[in-house]
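J.: Here it is, the structure in full.
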Amino acid sequence: MKKLKKRSWAEPFKIKVVEPIKMTTQTQRAKAIKDAGYNTFLLKSDDVYIDLLTDSGTNAMSDNQWAGMMLGDEAYAGSKNFYHLWDNIKKYYGFPYFVPTHQGRAAEHMLSQIMIKPGDYIPGNMYFTTTKLHQELAGGTFVDVIIDEAHNAEKEHLFKGNFDIQKFKDLIKKAGAKKIAYVSMAGTVNMAGGQPFSMANLKQVKKITDKYGIRLWLDATRITENAYFIKKRERGYKSKSIGDIILEICSYFDGIWVSAKKDLMVNIGGFIATRDKKVYDAARNMVVVYEGLHTYGGLAGRDMEAMARGIEEMVLYDNIHARVGQVEYCGKRLEEFNIPMVKPFGGHAIFLDAKKFLPHIKQEEFPAQTLAAEIYLDSGVRGMERGIVSAGRDKKTGKNHHPKLELVRLTFPRRVYTQAHIDVTVESIVEVYQNRKSIKGLKMVYEPEYLRFFQGRFKKL
Ligand code: PM9
């Protein structure tokens, strides 16, 4: 009899409501992707079979969250859902003040306007598209001080999201501490492949910011995954709960901003939370200009209730274990076929290394954009470019940035797809890999001014 090597785990939930998805033919997909200018953001979702574009707002809410939606208090001012959410932000993130926003970039906009003066620098562990844009629009310059390993897809490092302490110190020396608006740390680091920072590294950063009186802020959009990796990989945290690790992380920061569309497993929402009364007062005042009253910030009462309940679920170990486990399952299956990917596997997505996948396509011919389009063409699976298109242009010279990482992100919405969906995805990627030599690159034919990856259009070379 064959011996059992290990016992499997399964998701800590079962399916109560289903949403049909549509299979398309290769001919239909060829037309759809051409009409979309070879940009997966411009596809109609009706033409997509398995949607791995993003985990942002695409999550499945629990029955408890849906029940909470029915308890939405839609009063213009002082909704009880706002107070429930505030209580949970205090309890689970540990900050006394909070301002709701309709999503993450609204929080980035306000914080950048409040904290950055023209000519300031903002060091961080690799750029994120919307974050950096808002920092630049406020007159600041983002400086990447992540460790070099993060820019190398294949390099195995348990904490690729770590700050390079020397790079950070060099910047302070060069620019002067007064010119640093704040430190912008992210956990996990999206553009590096969903990679975490370690608690030890965070403590080192904190020591320096304390010494120089620099404000320390966190993009806590995917902090649950970072906490999970700390629990799994860092000495001293094995027996700590996800909730306690999140609280410890937050205790080192002056404030956080969050796109609630990720960890909180809702379809819309965001917020700022802080212990800095001055920044809070400014954000609370600014939110009424751009978002709505400070007790709803562009959200309905029901949205805030779903967020409050989502926070309670995000800290559950079984939930985050299943989430990261699904990403790992996909990675391991792809590994069997030697598909080039970012390693170690990240928290929210598998990142295909398009430079290695399509070595015959130059970066100026958009290998990752091409690969995302080819995978869609093969199977209707939708991923996202995270390479030269996403990196945009230098704000001074207008020249394209040439990031070392040229990736296609296959992102897993929380609690949405089954193992069978992952298998279909893996098989499609393997098929495209086997036929990769015949694939040709793209040229850009339309480029919007901001965040060009969303709306840029391409033609086949
Ligand atoms: N992230 C994502 O798909 C949504 C689309 S942008 C390509 O990964 C971080 C770490 C994010 C993020 C959005 C935002 C902005 C801030 N920080 O999308 O405005 O991953 O809610 O948040 C996306 P909003």
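Chain lettering (A, B, ...) mirrors the order of the structure tokens, residue numbering begins at 1 for each chain separately, and ligand numbering begins at 1 in order of display.
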Neighbours of ligand 1 at 7 Å or closer, counting only C-alpha atoms and all ligand atoms: which residues, as a tab-separated table (two decimals) with all heavy atoms, in the first residue's frame?

T.:
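Dumped everything to selection_38.tsv:
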chain	number	residue	atom	x	y	z
A	53	LEU	N	-6.38	39.33	-12.05
A	53	LEU	CA	-5.84	40.67	-12.25
A	53	LEU	C	-5.38	41.24	-10.92
A	53	LEU	O	-4.29	41.79	-10.80
A	53	LEU	CB	-6.92	41.58	-12.86
A	53	LEU	CG	-6.50	43.00	-13.19
A	53	LEU	CD1	-5.58	43.04	-14.40
A	53	LEU	CD2	-7.71	43.91	-13.45
A	54	THR	N	-6.24	41.13	-9.92
A	54	THR	CA	-5.93	41.75	-8.63
A	54	THR	C	-6.70	41.07	-7.50
A	54	THR	O	-7.71	40.39	-7.74
A	54	THR	CB	-6.26	43.25	-8.67
A	54	THR	OG1	-5.98	43.83	-7.39
A	54	THR	CG2	-7.71	43.53	-9.02
A	55	ASP	N	-6.20	41.30	-6.28
A	55	ASP	CA	-6.92	40.87	-5.08
A	55	ASP	C	-7.57	42.08	-4.43
A	55	ASP	O	-7.92	42.04	-3.26
A	55	ASP	CB	-5.95	40.21	-4.10
A	55	ASP	CG	-4.85	41.16	-3.64
A	55	ASP	OD1	-4.58	42.16	-4.34
A	55	ASP	OD2	-4.25	40.94	-2.57
A	56	SER	N	-7.70	43.16	-5.18
A	56	SER	CA	-8.19	44.43	-4.63
A	56	SER	C	-9.69	44.58	-4.87
A	56	SER	O	-10.12	44.79	-6.01
A	56	SER	CB	-7.44	45.58	-5.29
A	56	SER	OG	-7.88	46.80	-4.77
A	103	GLN	N	-11.00	54.60	-0.78
A	103	GLN	CA	-10.03	53.51	-1.03
A	103	GLN	C	-8.63	53.99	-0.70
A	103	GLN	O	-8.47	55.12	-0.21
A	103	GLN	CB	-10.16	52.93	-2.43
A	103	GLN	CG	-9.88	53.86	-3.59
A	103	GLN	CD	-10.09	53.13	-4.93
A	103	GLN	OE1	-11.17	53.13	-5.47
A	103	GLN	NE2	-9.05	52.51	-5.45
A	104	GLY	N	-7.64	53.14	-0.96
A	104	GLY	CA	-6.28	53.44	-0.50
A	104	GLY	C	-5.68	54.70	-1.07
A	104	GLY	O	-5.06	55.50	-0.36
A	105	ARG	N	-5.87	54.93	-2.37
A	105	ARG	CA	-5.17	56.07	-2.98
A	105	ARG	C	-5.72	57.41	-2.51
A	105	ARG	O	-5.04	58.43	-2.58
A	105	ARG	CB	-5.16	55.94	-4.51
A	105	ARG	CG	-6.45	56.14	-5.20
A	105	ARG	CD	-6.42	55.56	-6.60
A	105	ARG	NE	-6.43	54.08	-6.56
A	105	ARG	CZ	-6.47	53.32	-7.64
A	105	ARG	NH1	-6.46	53.86	-8.84
A	105	ARG	NH2	-6.50	52.01	-7.53
A	106	ALA	N	-6.95	57.42	-2.01
A	106	ALA	CA	-7.50	58.66	-1.44
A	106	ALA	C	-6.74	58.98	-0.15
A	106	ALA	O	-6.44	60.15	0.13
A	106	ALA	CB	-8.99	58.48	-1.16
A	128	PHE	N	5.45	51.87	-4.91
A	128	PHE	CA	4.19	51.34	-5.42
A	128	PHE	C	3.57	52.43	-6.29
A	128	PHE	O	3.66	53.62	-5.97
A	128	PHE	CB	3.22	50.91	-4.30
A	128	PHE	CG	1.99	50.30	-4.90
A	128	PHE	CD1	2.05	49.07	-5.52
A	128	PHE	CD2	0.78	50.98	-4.92
A	128	PHE	CE1	0.94	48.53	-6.16
A	128	PHE	CE2	-0.33	50.44	-5.54
A	128	PHE	CZ	-0.25	49.21	-6.16
A	129	THR	N	2.92	52.01	-7.36
A	129	THR	CA	2.45	52.93	-8.41
A	129	THR	C	1.68	54.15	-7.87
A	129	THR	O	2.10	55.29	-8.05
A	129	THR	CB	1.57	52.15	-9.40
A	129	THR	OG1	0.56	51.46	-8.66
A	129	THR	CG2	2.40	51.15	-10.18
A	130	THR	N	0.56	53.89	-7.18
A	130	THR	CA	-0.28	55.01	-6.75
A	130	THR	C	0.39	55.80	-5.62
A	130	THR	O	0.28	57.03	-5.57
A	130	THR	CB	-1.66	54.50	-6.26
A	130	THR	OG1	-1.46	53.53	-5.22
A	130	THR	CG2	-2.45	53.86	-7.38
A	131	THR	N	1.08	55.09	-4.73
A	131	THR	CA	1.76	55.75	-3.61
A	131	THR	C	2.77	56.76	-4.13
A	131	THR	O	2.78	57.93	-3.73
A	131	THR	CB	2.49	54.71	-2.73
A	131	THR	OG1	1.69	53.54	-2.59
A	131	THR	CG2	2.83	55.26	-1.38
A	186	ALA	N	6.27	49.55	3.44
A	186	ALA	CA	5.11	48.75	3.04
A	186	ALA	C	5.28	47.31	3.47
A	186	ALA	O	6.38	46.77	3.45
A	186	ALA	CB	4.92	48.81	1.53
A	189	VAL	N	5.61	43.86	0.39
A	189	VAL	CA	5.96	44.75	-0.71
A	189	VAL	C	5.40	44.19	-2.02
A	189	VAL	O	5.87	43.18	-2.54
A	189	VAL	CB	7.49	44.94	-0.79
A	189	VAL	CG1	7.83	45.93	-1.90
A	189	VAL	CG2	8.04	45.43	0.53
A	190	ASN	N	4.42	44.90	-2.52
A	190	ASN	CA	3.66	44.44	-3.69
A	190	ASN	C	4.57	44.24	-4.91
A	190	ASN	O	4.64	43.14	-5.48
A	190	ASN	CB	2.57	45.49	-3.98
A	190	ASN	CG	1.50	44.99	-4.91
A	190	ASN	OD1	1.65	43.96	-5.55
A	190	ASN	ND2	0.41	45.71	-5.00
A	219	ASP	N	2.39	51.51	4.91
A	219	ASP	CA	1.29	51.08	4.05
A	219	ASP	C	0.90	49.69	4.55
A	219	ASP	O	1.57	48.70	4.26
A	219	ASP	CB	1.76	51.04	2.59
A	219	ASP	CG	0.63	50.62	1.65
A	219	ASP	OD1	-0.36	50.04	2.13
A	219	ASP	OD2	0.75	50.87	0.43
A	221	THR	N	-1.67	47.91	3.88
A	221	THR	CA	-2.68	47.29	3.01
A	221	THR	C	-2.67	45.76	3.10
A	221	THR	O	-3.72	45.13	3.12
A	221	THR	CB	-2.43	47.77	1.56
A	221	THR	OG1	-2.68	49.17	1.54
A	221	THR	CG2	-3.31	47.07	0.56
A	222	ARG	N	-1.47	45.16	3.11
A	222	ARG	CA	-1.39	43.69	3.19
A	222	ARG	C	-0.55	43.27	4.40
A	222	ARG	O	0.28	42.36	4.33
A	222	ARG	CB	-0.80	43.11	1.90
A	222	ARG	CG	-1.71	43.29	0.69
A	222	ARG	CD	-1.22	42.53	-0.53
A	222	ARG	NE	-2.03	42.81	-1.71
A	222	ARG	CZ	-1.87	43.85	-2.52
A	222	ARG	NH1	-0.90	44.72	-2.27
A	222	ARG	NH2	-2.66	44.03	-3.57
A	258	VAL	N	-4.28	52.44	4.56
A	258	VAL	CA	-4.72	51.09	4.19
A	258	VAL	C	-5.71	51.15	3.04
A	258	VAL	O	-6.64	51.96	3.06
A	258	VAL	CB	-5.41	50.41	5.42
A	258	VAL	CG1	-6.03	49.08	5.03
A	258	VAL	CG2	-4.42	50.21	6.57
A	259	SER	N	-5.48	50.32	2.04
A	259	SER	CA	-6.55	50.02	1.08
A	259	SER	C	-7.27	48.82	1.67
A	259	SER	O	-6.75	47.70	1.66
A	259	SER	CB	-5.97	49.68	-0.29
A	259	SER	OG	-6.99	49.09	-1.08
A	260	ALA	N	-8.49	49.03	2.17
A	260	ALA	CA	-9.23	47.96	2.85
A	260	ALA	C	-9.71	46.89	1.87
A	260	ALA	O	-10.21	45.84	2.28
A	260	ALA	CB	-10.42	48.57	3.59
A	261	LYS	N	-9.51	47.17	0.57
A	261	LYS	CA	-9.98	46.24	-0.46
A	261	LYS	C	-9.16	44.95	-0.51
A	261	LYS	O	-9.47	44.05	-1.27
A	261	LYS	CB	-9.90	46.95	-1.82
A	261	LYS	CG	-10.78	48.20	-1.87
A	261	LYS	CD	-10.54	49.03	-3.11
A	261	LYS	CE	-11.17	48.37	-4.32
A	261	LYS	NZ	-11.08	49.25	-5.53
A	269	GLY	N	-13.19	50.48	0.12
A	269	GLY	CA	-12.87	51.07	1.43
A	269	GLY	C	-11.39	51.33	1.62
A	269	GLY	O	-10.54	50.74	0.94
A	270	GLY	N	-11.09	52.25	2.52
A	270	GLY	CA	-9.72	52.56	2.88
A	270	GLY	C	-9.72	53.41	4.13
A	270	GLY	O	-10.79	53.81	4.60

J.: If you run DSSP on this backbone, which residues of stretch 276-432 of chain A come out as helix (DSSP H, G or I), and could you give them as a PyMOL selection string?

T.: chain A and resi 277-290+301-314+317-335+354-357+363-365+367-379+388-391+419-432

J.: Which residues of stretch 30-51 of chain A come within 12 Å of stretch 395-415 of chain A, and what is each one's closest atom pair and distance in Å (one decimal), counting only C-alpha atoms, sorted by chain and residue number, as CSV?

T.:
residue,atom,partner,partner_atom,distance
A:Thr40,CA,A:Val408,CA,11.0
A:Ile50,CA,A:Phe412,CA,10.0
A:Asp51,CA,A:Thr411,CA,8.3

J.: Measuring between only C-alpha atoms, which one of A:Lys16, A:Asn39, A:Glu336, A:Arg309 shows the shortest distance to A:Leu442?

T.: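 When distances to A:Leu442 are compared using only C-alpha atoms, the smallest one comes from A:Asn39.
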
J.: Just want the 9 Å neighbourhood of A:Asn88, counted on only C-alpha atoms, with same-chain residues fewer than 5 positions away dropped. Output as a PyMOL selection string.

T.: chain A and resi 83+93-94+308-309+311-312

J.: Give me a file of those residues, with C-alpha atoms, as a PDB file, in the first residue's frame.

T.:
ATOM      1  CA  TYR A  83     -17.934  53.790  15.488  1.00  0.00           C
ATOM      2  CA  TYR A  93      -4.150  48.113  14.753  1.00  0.00           C
ATOM      3  CA  GLY A  94      -3.651  50.000  18.018  1.00  0.00           C
ATOM      4  CA  ALA A 308     -15.241  46.311  10.753  1.00  0.00           C
ATOM      5  CA  ARG A 309     -16.211  42.652  10.464  1.00  0.00           C
ATOM      6  CA  ILE A 311     -10.817  43.130  10.365  1.00  0.00           C
ATOM      7  CA  GLU A 312     -12.051  40.486  12.822  1.00  0.00           C
TER       8      GLU A 312
END

J.: From a DSSP pass on the backbone, collect the residues of stretch 257-313 of chain A flagged as strand (DSSP E or B) and hand them back as a PyMOL selection string.

T.: chain A and resi 257-259+270-274

J.: Quick one: of A:Gln204, A:Gln26, A:Gln363, A:Ser112, who's nearest to A:Glu136, counting only C-alpha atoms?

T.: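 With only C-alpha atoms as the atom set, the closest residue is A:Ser112.
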
J.: Near A:Leu42, within 12 Å and counting only C-alpha atoms, which residues show up once chain neighbours fewer than 4 positions away are dropped, as number ranges by chain?

T.: A: 32-38, 46-48, 53, 373, 382-384, 452-458

J.: Measuring atom to atom with only C-alpha atoms, identify which of A:Tyr237, A:Trp86, A:Tyr182, A:Trp217 is nearest to A:Glu305.

T.: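 Distance minimum relative to A:Glu305 lands on A:Trp86.
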
J.: I'd like the neighbourhood of A:Leu461 as a short mmCIF file (atom, residue, chain, number, x, y, z; two decimals) with C-alpha atoms, in the first residue's frame, where a residue qualifies if any of its atoms comes within 7 Å (using only C-alpha atoms), though same-chain residues fewer than 3 positions away should be ignored.

T.:
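Printed below is result.cif as written:
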data_model
loop_
_atom_site.label_atom_id
_atom_site.label_comp_id
_atom_site.auth_asym_id
_atom_site.auth_seq_id
_atom_site.Cartn_x
_atom_site.Cartn_y
_atom_site.Cartn_z
CA LYS A 440 6.30 38.53 -30.50
CA GLY A 441 6.47 41.76 -28.48
CA LEU A 442 4.32 44.90 -28.49
CA LYS A 443 4.61 48.60 -29.18
#

J.: Residues at most 7 Å from A:Met69, counting only C-alpha atoms, excluding those fewer than 2 positions away in the same chain, as a list in words?

T.: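 Result of the neighbour search: Gln65, Trp66, Ala67, Leu71, Gly72, Arg302, Asp303, Glu305 and Ala306 of chain A.
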
J.: Please produce a file of the residues just selected, as a short mmCIF file (atom, residue, chain, number, x, y, z; two decimals), in the first residue's frame, where the atoms kept are C-alpha atoms.

T.:
data_model
loop_
_atom_site.label_atom_id
_atom_site.label_comp_id
_atom_site.auth_asym_id
_atom_site.auth_seq_id
_atom_site.Cartn_x
_atom_site.Cartn_y
_atom_site.Cartn_z
CA GLN A 65 -19.96 40.50 6.54
CA TRP A 66 -23.05 40.29 4.30
CA ALA A 67 -25.27 40.20 7.38
CA LEU A 71 -27.18 46.69 9.42
CA GLY A 72 -25.82 49.69 7.53
CA ARG A 302 -22.83 49.25 5.20
CA ASP A 303 -19.32 49.35 3.68
CA GLU A 305 -19.71 47.58 8.79
CA ALA A 306 -18.27 45.05 6.30
#

J.: Would you kindly return, as a tab-separated table (two decimals) with N, CA, C and O atoms, in the first residue's frame, each protein, DNA or RNA residue with an atom no farther than 10 Å from any atom of A:Ile245, considering only C-alpha atoms and excluding same-chain residues fewer than 2 positions away?

T.:
chain	number	residue	atom	x	y	z
A	93	TYR	N	-5.36	47.44	15.26
A	93	TYR	CA	-4.15	48.11	14.75
A	93	TYR	C	-3.47	48.96	15.84
A	93	TYR	O	-2.32	49.34	15.69
A	199	MET	N	10.58	41.84	11.58
A	199	MET	CA	10.41	42.70	12.75
A	199	MET	C	11.77	43.29	13.14
A	199	MET	O	11.86	44.46	13.53
A	223	ILE	N	-0.81	43.92	5.53
A	223	ILE	CA	0.03	43.66	6.71
A	223	ILE	C	-0.24	42.27	7.29
A	223	ILE	O	0.63	41.68	7.94
A	224	THR	N	-1.41	41.72	7.04
A	224	THR	CA	-1.71	40.38	7.58
A	224	THR	C	-0.75	39.34	6.99
A	224	THR	O	-0.28	38.44	7.69
A	226	ASN	N	2.23	39.98	5.85
A	226	ASN	CA	3.55	40.24	6.44
A	226	ASN	C	3.64	39.59	7.83
A	226	ASN	O	4.63	38.95	8.18
A	227	ALA	N	2.56	39.75	8.61
A	227	ALA	CA	2.55	39.17	9.97
A	227	ALA	C	2.64	37.64	9.88
A	227	ALA	O	3.34	37.00	10.69
A	228	TYR	N	1.97	37.07	8.90
A	228	TYR	CA	2.00	35.61	8.71
A	228	TYR	C	3.44	35.13	8.42
A	228	TYR	O	3.92	34.15	9.00
A	230	ILE	N	6.20	36.67	9.21
A	230	ILE	CA	7.02	36.85	10.43
A	230	ILE	C	6.79	35.65	11.36
A	230	ILE	O	7.73	35.08	11.91
A	231	LYS	N	5.54	35.27	11.52
A	231	LYS	CA	5.22	34.12	12.38
A	231	LYS	C	5.93	32.85	11.89
A	231	LYS	O	6.47	32.08	12.68
A	237	TYR	N	8.61	34.37	17.03
A	237	TYR	CA	7.22	34.74	16.71
A	237	TYR	C	6.31	33.55	16.44
A	237	TYR	O	5.11	33.72	16.20
A	240	LYS	N	3.26	33.41	18.57
A	240	LYS	CA	2.45	34.64	18.67
A	240	LYS	C	1.29	34.59	17.68
A	240	LYS	O	1.42	34.02	16.59
A	241	SER	N	0.18	35.21	18.04
A	241	SER	CA	-0.96	35.21	17.12
A	241	SER	C	-0.74	36.28	16.04
A	241	SER	O	0.04	37.22	16.22
A	242	ILE	N	-1.46	36.11	14.92
A	242	ILE	CA	-1.38	37.10	13.83
A	242	ILE	C	-1.77	38.47	14.38
A	242	ILE	O	-1.12	39.49	14.10
A	243	GLY	N	-2.82	38.49	15.18
A	243	GLY	CA	-3.30	39.76	15.76
A	243	GLY	C	-2.22	40.44	16.60
A	243	GLY	O	-2.01	41.66	16.49
A	247	LEU	N	-0.31	44.03	15.91
A	247	LEU	CA	-0.26	45.10	16.93
A	247	LEU	C	1.18	45.51	17.23
A	247	LEU	O	1.47	46.70	17.37
A	248	GLU	N	2.08	44.53	17.27
A	248	GLU	CA	3.48	44.90	17.53
A	248	GLU	C	4.04	45.73	16.38
A	248	GLU	O	4.69	46.76	16.60
A	249	ILE	N	3.77	45.29	15.14
A	249	ILE	CA	4.26	46.06	13.97
A	249	ILE	C	3.76	47.50	14.08
A	249	ILE	O	4.53	48.46	13.99
A	250	CYS	N	2.46	47.65	14.28
A	250	CYS	CA	1.87	49.00	14.28
A	250	CYS	C	2.40	49.86	15.42
A	250	CYS	O	2.45	51.08	15.29
A	251	SER	N	2.81	49.21	16.51
A	251	SER	CA	3.27	49.99	17.67
A	251	SER	C	4.52	50.82	17.33
A	251	SER	O	4.82	51.79	18.00
A	315	VAL	N	-7.52	38.52	10.97
A	315	VAL	CA	-6.50	38.07	11.94
A	315	VAL	C	-6.63	36.57	12.26
A	315	VAL	O	-5.82	36.04	13.03

J.: For the atom pair atom CA of A:Leu451 and atom CA of A:Lys132, what is the interatomic distance in Å to one decimal place?

T.: 10.2 Å

J.: Could you tell me which of A:Glu225, A:Gln369, A:Thr25, A:Lys206 comes closest to A:Tyr317 if we count only C-alpha atoms?

T.: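 Answer, going by the shortest atom-to-atom distance: A:Glu225.
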
J.: Name the closest residue to A:Phe159 among the candidates A:Ile116, A:Leu371, A:Ala192, A:Ile350; distances are taken between atoms, counting only C-alpha atoms.

T.: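 Looking at the shortest contact to A:Phe159, the residue is A:Ala192.
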
J.: Select, from A:Ala77, A:Leu358, A:Ile272, A:Ile246, the residue with the minimum atom-to-atom distance to A:Ala300, counting only C-alpha atoms.

T.: A:Ala77
